[in-house]
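Participant: Next comes entry.cif, mmCIF, C-alpha atoms:
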data_structure
#
loop_
_atom_site.label_atom_id
_atom_site.label_comp_id
_atom_site.auth_asym_id
_atom_site.auth_seq_id
_atom_site.Cartn_x
_atom_site.Cartn_y
_atom_site.Cartn_z
CA MET A 1 4.16 8.26 10.07
CA ALA A 2 2.16 9.26 13.14
CA THR A 3 3.77 9.10 16.57
CA PRO A 4 2.84 6.06 18.69
CA ASP A 5 0.65 8.21 20.93
CA THR A 6 -1.21 9.87 18.05
CA LEU A 7 -1.70 6.65 16.14
CA LYS A 8 -3.01 4.81 19.17
CA THR A 9 -5.25 7.71 20.26
CA ASN A 10 -6.83 7.99 16.81
CA PHE A 11 -7.35 4.24 16.69
CA ILE A 12 -8.95 4.12 20.15
CA GLN A 13 -11.37 6.92 19.27
CA ALA A 14 -12.46 5.39 15.97
CA SER A 15 -12.63 1.80 17.22
CA THR A 16 -14.74 2.90 20.20
CA VAL A 17 -17.27 4.41 17.81
CA ILE A 18 -17.35 1.19 15.78
CA ALA A 19 -17.76 -1.00 18.88
CA ARG A 20 -20.64 1.12 20.21
CA ALA A 21 -22.40 1.14 16.84
CA TYR A 22 -21.96 -2.64 16.58
CA ASN A 23 -23.62 -3.16 19.97
CA ASP A 24 -26.66 -1.27 18.66
CA HIS A 25 -26.65 -3.05 15.27
CA GLU A 26 -28.23 -6.45 15.84
CA LEU A 27 -28.04 -7.50 12.17
CA LEU A 28 -24.24 -7.66 12.36
CA HIS A 29 -24.00 -9.72 15.51
CA GLY A 30 -23.26 -12.87 13.53
CA ALA A 31 -19.93 -11.55 12.29
CA GLU A 32 -16.98 -13.96 12.52
CA ALA A 33 -15.13 -11.60 14.84
CA THR A 34 -16.66 -8.87 16.97
CA PRO A 35 -15.11 -5.40 17.19
CA ALA A 36 -14.04 -6.21 20.75
CA GLN A 37 -12.10 -9.27 19.57
CA LEU A 38 -10.50 -7.37 16.69
CA ILE A 39 -9.59 -4.44 18.93
CA GLU A 40 -7.99 -6.77 21.45
CA ALA A 41 -5.85 -8.32 18.71
CA ILE A 42 -4.84 -4.91 17.34
CA ASN A 43 -3.90 -3.73 20.82
CA GLN A 44 -1.24 -6.47 20.87
CA PHE A 45 0.40 -4.62 17.99
CA PHE A 46 0.38 -1.36 19.92
CA ILE A 47 2.14 -3.03 22.85
CA ILE A 48 5.01 -4.02 20.55
CA TYR A 49 4.81 -0.73 18.64
CA GLU A 50 5.35 1.25 21.83
CA LYS A 51 7.97 -1.16 23.18
CA LEU A 52 10.23 -0.89 20.14
CA GLY A 53 10.19 2.90 19.98
CA ASP A 54 12.85 4.10 17.54
CA THR A 55 14.69 0.77 17.51
CA VAL A 56 15.06 -0.47 13.95
CA GLY A 57 16.56 -3.24 11.88
CA GLU A 58 19.09 -5.59 13.43
CA ASN A 59 18.74 -3.95 16.83
CA SER A 60 15.11 -4.96 17.00
CA GLN A 61 14.00 -7.12 19.91
CA PHE A 62 11.83 -9.15 17.55
CA SER A 63 12.73 -11.34 14.60
CA LYS A 64 11.96 -10.44 11.01
CA ASP A 65 9.34 -13.19 10.90
CA HIS A 66 7.68 -11.95 14.10
CA ILE A 67 7.55 -8.40 12.76
CA SER A 68 6.10 -9.65 9.46
CA HIS A 69 3.57 -11.90 11.18
CA ILE A 70 2.20 -9.32 13.59
CA GLY A 71 2.06 -6.80 10.76
CA GLU A 72 0.04 -9.18 8.59
CA GLN A 73 -2.34 -10.11 11.41
CA THR A 74 -2.85 -6.49 12.49
CA ILE A 75 -3.55 -5.30 8.96
CA GLN A 76 -6.09 -8.11 8.49
CA CYS A 77 -7.86 -7.18 11.74
CA LEU A 78 -7.94 -3.52 10.70
CA ILE A 79 -9.43 -4.51 7.34
CA GLU A 80 -12.18 -6.49 9.09
CA LEU A 81 -12.87 -3.66 11.52
CA GLY A 82 -13.03 -1.23 8.61
CA GLU A 83 -15.48 -3.48 6.77
CA LEU A 84 -17.76 -3.51 9.82
CA ALA A 85 -17.55 0.29 9.92
CA GLU A 86 -18.55 0.47 6.27
CA GLN A 87 -21.54 -1.79 6.85
CA MET A 88 -22.68 0.54 9.63
CA ASN A 89 -22.21 3.65 7.47
CA LEU A 90 -19.21 4.99 9.38
CA PRO A 91 -16.98 6.30 6.54
CA LYS A 92 -14.72 8.38 8.80
CA GLU A 93 -13.95 5.39 11.01
CA ARG A 94 -13.49 3.13 7.98
CA ALA A 95 -10.95 5.59 6.57
CA LEU A 96 -9.12 5.72 9.89
CA MET A 97 -8.81 1.92 9.94
CA GLU A 98 -7.28 2.04 6.45
CA GLU A 99 -4.84 4.79 7.44
CA THR A 100 -3.86 2.78 10.51
CA ALA A 101 -3.25 -0.26 8.30
CA PHE A 102 -1.02 1.93 6.13
CA SER A 103 0.93 3.00 9.22
CA VAL A 104 1.32 -0.64 10.26
CA ALA A 105 2.77 -1.46 6.83
CA HIS A 106 5.18 1.46 7.20
CA TRP A 107 6.18 0.12 10.63
CA VAL A 108 6.84 -3.34 9.16
CA ILE A 109 9.08 -1.82 6.49
CA ARG A 110 10.91 0.33 9.03
CA HIS A 111 11.69 -2.75 11.11
CA LYS A 112 12.90 -4.74 8.08
CA GLY A 113 9.91 -7.06 7.92
CA GLU A 114 7.91 -8.31 4.92
CA ILE A 115 4.59 -6.97 3.69
CA ARG A 116 2.33 -10.01 3.39
CA SER A 117 -0.99 -8.23 2.82
CA LEU A 118 -1.07 -5.72 -0.05
CA ASP A 119 -4.72 -4.99 -0.86
CA VAL A 120 -5.43 -2.11 1.51
CA ILE A 121 -1.95 -0.62 1.12
CA VAL A 122 -2.24 -0.52 -2.68
CA ASN A 123 -5.70 1.05 -2.50
CA ILE A 124 -4.57 3.77 -0.07
CA LEU A 125 -1.52 4.62 -2.17
CA ALA A 126 -3.65 4.80 -5.33
CA ALA A 127 -6.18 7.07 -3.61
CA LYS A 128 -3.44 9.38 -2.35
CA ALA A 129 -1.92 9.59 -5.83
CA ASN A 130 -5.29 10.30 -7.45
CA ARG A 131 -5.94 13.21 -5.09
CA THR A 132 -2.88 15.24 -6.06
CA ASN A 133 -0.89 16.71 -8.94
CA ASP A 134 1.80 18.08 -6.64
CA LYS A 135 5.12 16.69 -7.86
CA THR A 136 6.65 16.83 -4.38
CA ILE A 137 3.85 14.68 -2.96
CA LEU A 138 4.00 12.35 -5.96
CA THR A 139 7.74 11.95 -5.47
CA SER A 140 7.17 11.06 -1.83
CA LEU A 141 4.54 8.49 -2.86
CA PHE A 142 6.99 7.09 -5.39
CA HIS A 143 9.49 6.35 -2.63
CA VAL A 144 6.82 4.79 -0.40
CA MET A 145 5.69 2.57 -3.28
CA ASN A 146 9.29 1.58 -3.90
CA ASP A 147 9.65 0.56 -0.24
CA VAL A 148 6.45 -1.51 -0.41
CA LEU A 149 7.61 -3.22 -3.61
CA GLU A 150 11.00 -4.04 -2.11
CA HIS A 151 9.55 -5.34 1.17
CA ALA A 152 6.69 -7.38 -0.27
CA SER A 153 6.95 -11.02 0.73
CA PRO A 154 8.57 -13.53 -1.65
CA GLU A 155 5.15 -15.17 -2.07
CA ILE A 156 3.67 -11.91 -3.37
CA LYS A 157 6.68 -11.21 -5.58
CA SER A 158 6.44 -14.65 -7.16
CA ASP A 159 3.08 -13.46 -8.57
CA PRO A 160 1.51 -16.94 -8.86
CA ASP A 161 -2.02 -15.94 -9.99
CA LYS A 162 -1.40 -14.11 -13.24
CA SER A 163 -5.00 -14.82 -14.32
CA ASN A 164 -6.25 -11.94 -12.14
CA PRO A 165 -5.49 -8.59 -13.83
CA GLY A 166 -6.64 -6.69 -10.74
CA ARG A 167 -4.28 -8.43 -8.31
CA PRO A 168 -2.62 -5.98 -5.88
CA TRP A 169 0.94 -6.83 -6.98
CA ARG A 170 0.14 -5.93 -10.59
CA MET A 171 -1.71 -2.75 -9.60
CA LEU A 172 1.16 -1.65 -7.36
CA ASN A 173 3.71 -2.05 -10.15
CA PHE A 174 1.50 -0.19 -12.62
CA ASN A 175 0.79 2.62 -10.17
CA PHE A 176 4.49 2.88 -9.36
CA ALA A 177 5.26 3.49 -13.04
CA ILE A 178 2.32 5.89 -13.46
CA VAL A 179 3.27 7.95 -10.40
CA ALA A 180 6.87 8.10 -11.61
CA THR A 181 5.64 9.40 -14.98
CA ARG A 182 3.51 12.04 -13.28
CA THR A 183 6.56 13.33 -11.38
CA MET A 184 8.15 13.99 -14.80
CA ASN A 185 11.47 13.03 -13.23
CA ARG A 186 13.50 11.03 -15.73
CA GLU A 187 15.53 9.22 -13.07
CA LEU A 188 12.42 8.08 -11.21
CA MET A 189 10.74 7.02 -14.46
CA ILE A 190 13.71 4.86 -15.45
CA LYS A 191 13.72 3.22 -12.01
CA ALA A 192 9.97 2.48 -12.18
CA PHE A 193 10.00 1.33 -15.82
CA ASP A 194 12.89 -1.05 -15.18
CA THR A 195 11.13 -2.37 -12.09
CA LEU A 196 7.99 -2.97 -14.15
CA GLY A 197 10.06 -4.76 -16.77
CA HIS A 198 11.57 -7.03 -14.13
CA ASN A 199 8.34 -7.77 -12.26
CA LEU A 200 5.75 -7.85 -15.07
CA PRO A 201 7.51 -8.28 -18.42
CA GLU A 202 4.39 -9.75 -20.03
CA ASP A 203 2.48 -6.52 -19.35
CA CYS A 204 5.13 -4.13 -20.65
CA PRO A 205 4.23 -4.02 -24.36
CA GLN A 206 0.69 -2.83 -23.68
CA PHE A 207 1.72 -0.55 -20.81
CA PHE A 208 4.31 1.31 -22.87
CA GLU A 209 2.04 1.45 -25.91
CA GLU A 210 -0.59 3.19 -23.80
CA GLY A 211 2.10 5.29 -22.14
CA LEU A 212 3.36 6.47 -25.52
CA ILE A 213 -0.15 7.63 -26.41
CA GLN A 214 -0.44 9.50 -23.10
CA SER A 215 2.96 11.13 -23.63
CA GLU A 216 1.54 12.98 -26.64
CA LYS A 217 -0.16 15.34 -24.17
CA THR A 218 1.55 18.73 -24.11
CA GLU A 219 1.96 18.62 -20.32
CA TYR A 220 4.64 15.94 -20.63
CA GLY A 221 7.03 17.56 -23.08
CA PRO A 222 9.53 16.06 -25.54
CA GLU A 223 11.93 14.51 -22.99
CA ILE A 224 9.18 12.37 -21.46
CA LYS A 225 7.89 11.36 -24.87
CA THR A 226 11.40 10.38 -25.98
CA LEU A 227 11.90 8.19 -22.91
CA MET A 228 8.51 6.55 -23.34
CA THR A 229 9.31 5.91 -27.01
CA GLU A 230 12.57 4.21 -26.05
CA TYR A 231 10.81 1.82 -23.68
CA PHE A 232 7.99 1.18 -26.14
CA LYS A 233 10.48 0.23 -28.86
CA LYS A 234 12.41 -1.98 -26.44
CA TRP A 235 9.39 -3.99 -25.37
CA ALA A 236 7.67 -4.02 -28.77
CA THR A 237 10.88 -5.52 -30.20
CA LEU A 238 11.44 -8.04 -27.41
CA HIS A 239 7.85 -9.21 -27.35
#
Let's see the structure in the file written out as structure tokens.
Facilitator:
Amino acid sequence: MATPDTLKTNFIQASTVIARAYNDHELLHGAEATPAQLIEAINQFFIIYEKLGDTVGENSQFSKDHISHIGEQTIQCLIELGELAEQMNLPKERALMEETAFSVAHWVIRHKGEIRSLDVIVNILAAKANRTNDKTILTSLFHVMNDVLEHASPEIKSDPDKSNPGRPWRMLNFNFAIVATRTMNRELMIKAFDTLGHNLPEDCPQFFEEGLIQSEKTEYGPEIKTLMTEYFKKWATLH
């Protein structure tokens, strides 16, 4: 995660570009919140971010709910600011808003809060995974995904809207299992597959059927295929 100074400096630079472009872009002046309003709200996060420093967990000056709340609000403001950047054709600034949102989520996890907004985080993690085949990087992403899964709010974990196959909670669990498979680390695969079975049992038969087909590729080898076969048989039998 970036240092407080670097994170704030990068945010100030990108948000200044967005605010200036907005002032020259009359068609967007009816937006619910202006860049100035969003920036002011996000700056409240940086005040707390800098105040806490390296303090973590039970030593924090703020409650778990406060940490979770400011994280959720900050991520939402960053999403809105990023959407304005996209509408004004500012891809670099849009990407910076997303990366900042990712850093905010990491901060929430570090301070034992709950992740209450998953969309952007899941998209960033998926994009990072899609850009690499490096097993070291994939292993690092695996652990970040595991942290996000563990610190997602109870409301997200309860997964109430199962009618939406593209919901972030489902995508995060799938991507967690896929990234684990791509590391080719048996221990990580077992962890991810068991997590998938706990969180999305109804999706496991199809997932492991497709996974078994993918494991036929020579790059995976017999050990991976054997493990995938075990999980396929388990879920095909149970369901």
Participant: If I put a ball of radius 10 Å at (6.0, -0.9, -14.1) in the file's coordinates, which residues poke into it when counting all atoms listed in the file, written as a ChimeraX atom specification?
Facilitator: /A:170-180,189-201,203-204,207-208
Participant: Tell me, as a PyMOL selection string, which residues lie within 6 Å of segment 77-86 of chain A, counting all atoms listed in the file; anything in the same chain fewer than 3 positions away does not count.
Facilitator: chain A and resi 18+38+74+89-90+94+97
Participant: Give me the result of the PyMOL selection byres ((chain A and resi 109) around 12) on this file, residue by residue, as a PyMOL selection string.
Facilitator: chain A and resi 1+56-57+64+67-68+71-72+102-108+110-116+144-153
Participant: Closest to Thr6 of chain A among A:Ser140, A:Phe45, A:Glu219, A:Thr100, using only C-alpha atoms?
Facilitator: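 Of A:Ser140, A:Phe45, A:Glu219, A:Thr100, the one nearest Thr6 of chain A is A:Thr100, counting only C-alpha atoms.
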Participant: Separation of atom CA of Ser63 of chain A and atom CA of Glu98 of chain A, in Å?
Facilitator: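 Those two atoms sit 25.4 Å apart.
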Participant: If we draw a sphere of 8 Å around (-4.5, -6.6, -3.5), which residues have at least one atom in it when counting all atoms listed in the file? Please report them as a list in words.
Facilitator: Ser117, Leu118, Asp119, Val120, Ile121, Val122, Asn123, Gly166, Arg167, Pro168, Trp169 and Met171 of chain A
Participant: Which residue gives the smallest distance to Glu40 of chain A among A:Ile12, A:Leu212, A:Leu125, A:Leu138, with only C-alpha atoms counted?
Facilitator: A:Ile12
Participant: Identify which of the residues A:Ile39, A:Ile47, A:Glu202, A:Ala95 lies closest to Pro165 of chain A, counting all atoms listed in the file when measuring atom-to-atom distances.
Facilitator: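 That would be A:Glu202, the residue with the smallest distance to Pro165 of chain A.
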Participant: Rounded to one decimal, what separation in Å do you get between atom CA of Ile213 of chain A and atom CA of Asn164 of chain A?
Facilitator: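 Interatomic distance here is 25.0 Å.
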Participant: As lines of an AutoDock Vina configuration file, what would the box around segment 132-140 of chain A look like: edges along x, y and z, 3 Å added on every side, centre and edge lengths in Å to one decimal?
Facilitator:
center_x = 2.4
center_y = 14.6
center_z = -5.4
size_x = 16.6
size_y = 13.0
size_z = 13.1
Participant: Would you work out the distance separating atom CA of Thr237 of chain A from atom CA of Pro205 of chain A, expressed in Å to one decimal?
Facilitator: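 We find that atom CA of Thr237 of chain A and atom CA of Pro205 of chain A lie 9.0 Å from each other.
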Participant: Between A:Glu209, A:Glu93, A:His66, A:Gln73, which one has atoms that come closest to Ala14 of chain A, using only C-alpha atoms?
Facilitator: A:Glu93
Participant: Of the residues A:Thr181, A:Thr139, A:Asn10, A:Gln76, which is the one nearest to Ala33 of chain A, using all atoms listed in the file?
Facilitator: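 Going through A:Thr181, A:Thr139, A:Asn10, A:Gln76 one by one, the smallest distance to Ala33 of chain A is for A:Gln76.
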